[in-house]
Amino acid sequence: MRILGNLLSVLREGASVIAGNVTLGLLSLALAVTIWFFVIDVESESRTDYFPSPISVQTVNVPEGLAVSKISDPSNVSVRITADKDVWDKLSVDDFEAVADLSGIKQREASVPVRVNVKRGNVKIETIEPARVTVNLEPIMTSTVPVKVKPVGATPLGYALASTRFSPEEVEVSGPASLVERVAAAEADVNLTGIRVSLDQDFALTARDSEGGEIEGVTLDPGMARVSLEIVQNEFTVTFIVNPQISGNVAAGYRAVKVEIDRPFVQVTASVEVLQSIDVLTTEDISVDGAESDVVRSVKLRLPEGARAVGGDEVVVRVTVAPAPGETALSVAVTVNGAQSGSRVELNPPTVLVTLRGDMPLLQSLSPGSVTASVDVSNLPSAAYRFAPTIQVPAGTQLVKVDPAEVLVAVQRP
C-alpha cells in the first residue's frame, strides 16, 4: 500500500508538471506506469507446488442399500495447487475436501474420479494424484452385538472394582456385510487409573472383533453406553512404630549405648483385620554378640501375611557400641625416693590399694605395674613420718582414692 501511495503521488506530480512542461511530464508519466506494472507483478506473485499433506478421500451419494467396504490404497490423494504466496502460509488440510461421487454406481467395484474442493479462495487445483480411486461396495447389513465394558489400567492400591453395570446390553451394528460379520462386541473402554470413587457416566462404544481388534467402517446404534462402576476401598494404611529386635551380648567391658533406625515409623497397608493384628512392627533379629564397635544391619520387617510396608520392607538399624565405664582397684607397692646411702627406711604398710575410674577395656588391661606410688625422703633426719604417697596413673584413667591415704615412714640414718 505504501508503494501504491507513492505511485499516486508520482502520478499527481506528473500531471501538474504536464501543465507546465509537456516533455518532462510525459517522462514522469512513463516512469509511473512502469512502476505500476512492477507493483502489480509483485503483489500477484504466486507459487505452484504440491500441498505437503495428503487429503483423505470421502465418498458421497452412496447408492441405497450399499455401503463402502474399502477405498483402494492409498485412500488419500496429493494435490498440486497454485496460490498466492501469502495464501500458502495460511492453508491447512482442513481447507481441502477430496470427494469420490458414487452417483449411479451399481457394480460392486468401481473406479471413480476424485474431485478436490477448496474452501479458501484464490487457490487453483492443478493436478490430483491419483486422479481416480477404486471403491468396493457391499450390501448393507445390520446385526445385534453385546455391549462389554473393558477396564483399562488398575485402581490404586487398596481399592478394587466391586461391580459393573451398563446400559444398553446390546446395540445394532450396521455397515458393509463383510465388516459387520467380523464385529463380536461393542466395547466401552473405562480407564480405572487413579479412580478411588464410584462413577456413573456415558462412554463411547467401539466395534471390535473376537481378538479385540477395532473394526472401522461400521456404525453402532446407539454409539454410547451408560456405565456404572462401584469402587470400594478394601485396604487401609496405618503408621506403626518400628521396634528393632536386638539379640546377644556385646564384648566384656562394652555396652550398647543406643539403637537408631533410619525409618522409626513405617506405614503399613492391609485389610482392617490384618491391621488390627499389629501392635508394633518388629524386625528380624540383629545380633550384637561379642561386638566391640557399632553394628549396622539392613534387616526386614516382620509383617503379617497380607500386609505390605509403604516404601519397602527393609530398614537400616545401627547399634552404637562403646566402652563401659567402671572402676578397678590395684594393690601397688610404695617406692622410696631420695634415700641416702646407708640409710634405712621402713614403710608401714608397704603397699596401698589404688582405685581408678575409666573405660572398662582399659582398666581390665592394667597390671599393678601400670600404677606407681612413691614417697620422697630426701634430706630427712632420722625420725618417723606420715606421708600421702604420690600416685601416677595411666592416661585415660582417673584416681578415685588411695587406701590407706597415708603411710608411716621410719627413717634411720647411719
# chains A, B, ... in the order shown; residues from 1 in each chain; ligands from 1

$ residues_around --residues "Phe240 in chain A" --least-positions-apart "6" --cutoff "10 Å" --atoms "only C-alpha atoms" --output "PyMOL selection string"
chain A and resi 264-268+275+278-282

$ write_last_selection --atoms "C-alpha atoms" --output "compact mmCIF listing (two decimals), in the first residue's frame"
# COMPACT_ATOMS: atom_id res chain seq x y z
CA PRO A 264 11.40 -45.32 63.03
CA PHE A 265 7.83 -45.07 61.71
CA VAL A 266 6.54 -47.18 58.82
CA GLN A 267 3.19 -47.07 57.05
CA VAL A 268 1.57 -50.47 56.54
CA LEU A 275 -4.04 -54.13 60.64
CA ILE A 278 -0.46 -55.47 64.57
CA ASP A 279 0.57 -53.72 67.79
CA VAL A 280 4.10 -52.74 66.88
CA LEU A 281 6.35 -53.63 63.98
CA THR A 282 9.39 -55.74 64.80

$ closest_residue --among "A:Val183, A:Val375, A:Val173, A:Ala322" --to "Val250 in chain A" --atoms "only C-alpha atoms"
A:Ala322

$ select_by_dssp --residues "range 166-348 of chain A" --states "strand (DSSP E or B)" --output "PyMOL selection string"
chain A and resi 166-167+170-176+185-191+199-208+214+219-221+224-233+236-247+254-261+265-270+281-287+295-302+308-309+314-323+325-337+344-348

$ residues_around --residues "Ser46 in chain A" --least-positions-apart "6" --cutoff "12 Å" --atoms "only C-alpha atoms" --output "list in words"
Ile40, Ile81, Thr82, Ala83, Asp84, Lys85, Asp86, Val87, Trp88, Asp89, Asn122, Val123 and Lys124 of chain A

$ residues_around --residues "Ala410 in chain A" --least-positions-apart "4" --cutoff "12 Å" --atoms "only C-alpha atoms" --output "list of chain:residue names"
A:Val336, A:Ala339, A:Ser343, A:Arg344, A:Val345, A:Glu346, A:Leu347, A:Asn348, A:Pro349, A:Pro350, A:Val375, A:Val377, A:Leu380, A:Pro381, A:Ser382, A:Ala383, A:Ala384, A:Tyr385, A:Arg386, A:Phe387

$ residues_around --residues "Ala225 in chain A" --least-positions-apart "5" --cutoff "12 Å" --atoms "only C-alpha atoms" --output "list in words"
Pro146, Val147, Lys148, Val149, Arg165, Phe166, Ser167, Pro168, Glu169, Glu170, Val171, Ala186, Glu187, Ala188, Asp189, Val190, Asp200, Gln201, Asp202, Phe203, Ala204, Leu205, Thr206 and Leu220 of chain A

$ residues_around --residues "Glu138 in chain A" --least-positions-apart "2" --cutoff "8 Å" --atoms "only C-alpha atoms" --output "short mmCIF file (atom, residue, chain, number, x, y, z; two decimals) with N, CA, C and O atoms, in the first residue's frame"
data_model
loop_
_atom_site.label_atom_id
_atom_site.label_comp_id
_atom_site.auth_asym_id
_atom_site.auth_seq_id
_atom_site.Cartn_x
_atom_site.Cartn_y
_atom_site.Cartn_z
N LEU A 66 -26.40 -50.03 -0.27
CA LEU A 66 -25.00 -50.43 -0.35
C LEU A 66 -24.17 -49.59 0.62
O LEU A 66 -24.58 -48.52 1.06
N ALA A 67 -22.99 -50.10 0.94
CA ALA A 67 -22.07 -49.40 1.83
C ALA A 67 -20.66 -49.59 1.31
O ALA A 67 -20.35 -50.60 0.67
N VAL A 68 -19.81 -48.59 1.54
CA VAL A 68 -18.42 -48.67 1.11
C VAL A 68 -17.65 -49.54 2.09
O VAL A 68 -17.57 -49.23 3.28
N SER A 69 -17.09 -50.62 1.59
CA SER A 69 -16.30 -51.50 2.46
C SER A 69 -14.81 -51.18 2.38
O SER A 69 -14.07 -51.44 3.32
N ARG A 108 -20.17 -53.80 -7.86
CA ARG A 108 -19.57 -53.93 -6.54
C ARG A 108 -18.19 -53.27 -6.44
O ARG A 108 -17.74 -52.93 -5.36
N ASN A 136 -14.92 -50.29 -3.28
CA ASN A 136 -15.62 -51.56 -3.15
C ASN A 136 -16.92 -51.34 -2.40
O ASN A 136 -16.94 -50.76 -1.31
N ILE A 140 -25.60 -53.40 2.59
CA ILE A 140 -25.63 -53.02 3.99
C ILE A 140 -26.22 -54.16 4.81
O ILE A 140 -27.23 -54.76 4.44
N PRO A 176 -21.03 -52.43 5.79
CA PRO A 176 -20.76 -53.49 4.81
C PRO A 176 -20.81 -54.87 5.47
O PRO A 176 -20.29 -55.06 6.58
N ALA A 177 -21.41 -55.83 4.75
CA ALA A 177 -21.64 -57.15 5.33
C ALA A 177 -20.35 -57.80 5.83
O ALA A 177 -20.30 -58.37 6.92
N SER A 178 -19.26 -57.66 5.05
CA SER A 178 -18.01 -58.33 5.44
C SER A 178 -17.44 -57.76 6.73
O SER A 178 -16.77 -58.46 7.49
#

$ atom_distance --atom1 "CA of Ala291 in chain A" --atom2 "CA of Ile261 in chain A"
18.2 Å

$ closest_residue --among "A:Ile246, A:Ala388, A:Val411, A:Val93" --to "Gly338 in chain A" --atoms "only C-alpha atoms"
A:Val411

$ residues_around --residues "Gly248 in chain A" --least-positions-apart "3" --cutoff "6 Å" --atoms "only C-alpha atoms" --output "count of residues only"
3

$ closest_residue --among "A:Asp209, A:Glu214, A:Glu235, A:Glu181" --to "Pro156 in chain A" --atoms "only C-alpha atoms"
A:Glu235

$ closest_residue --among "A:Lys106, A:Lys90, A:Arg318, A:Lys70" --to "Lys258 in chain A" --atoms "only C-alpha atoms"
A:Arg318

$ atom_distance --atom1 "CA of Arg302 in chain A" --atom2 "CA of Asn234 in chain A"
21.9 Å

$ closest_residue --among "A:Asn379, A:Thr237, A:Ser370, A:Ser53" --to "Val310 in chain A" --atoms "only C-alpha atoms"
A:Thr237
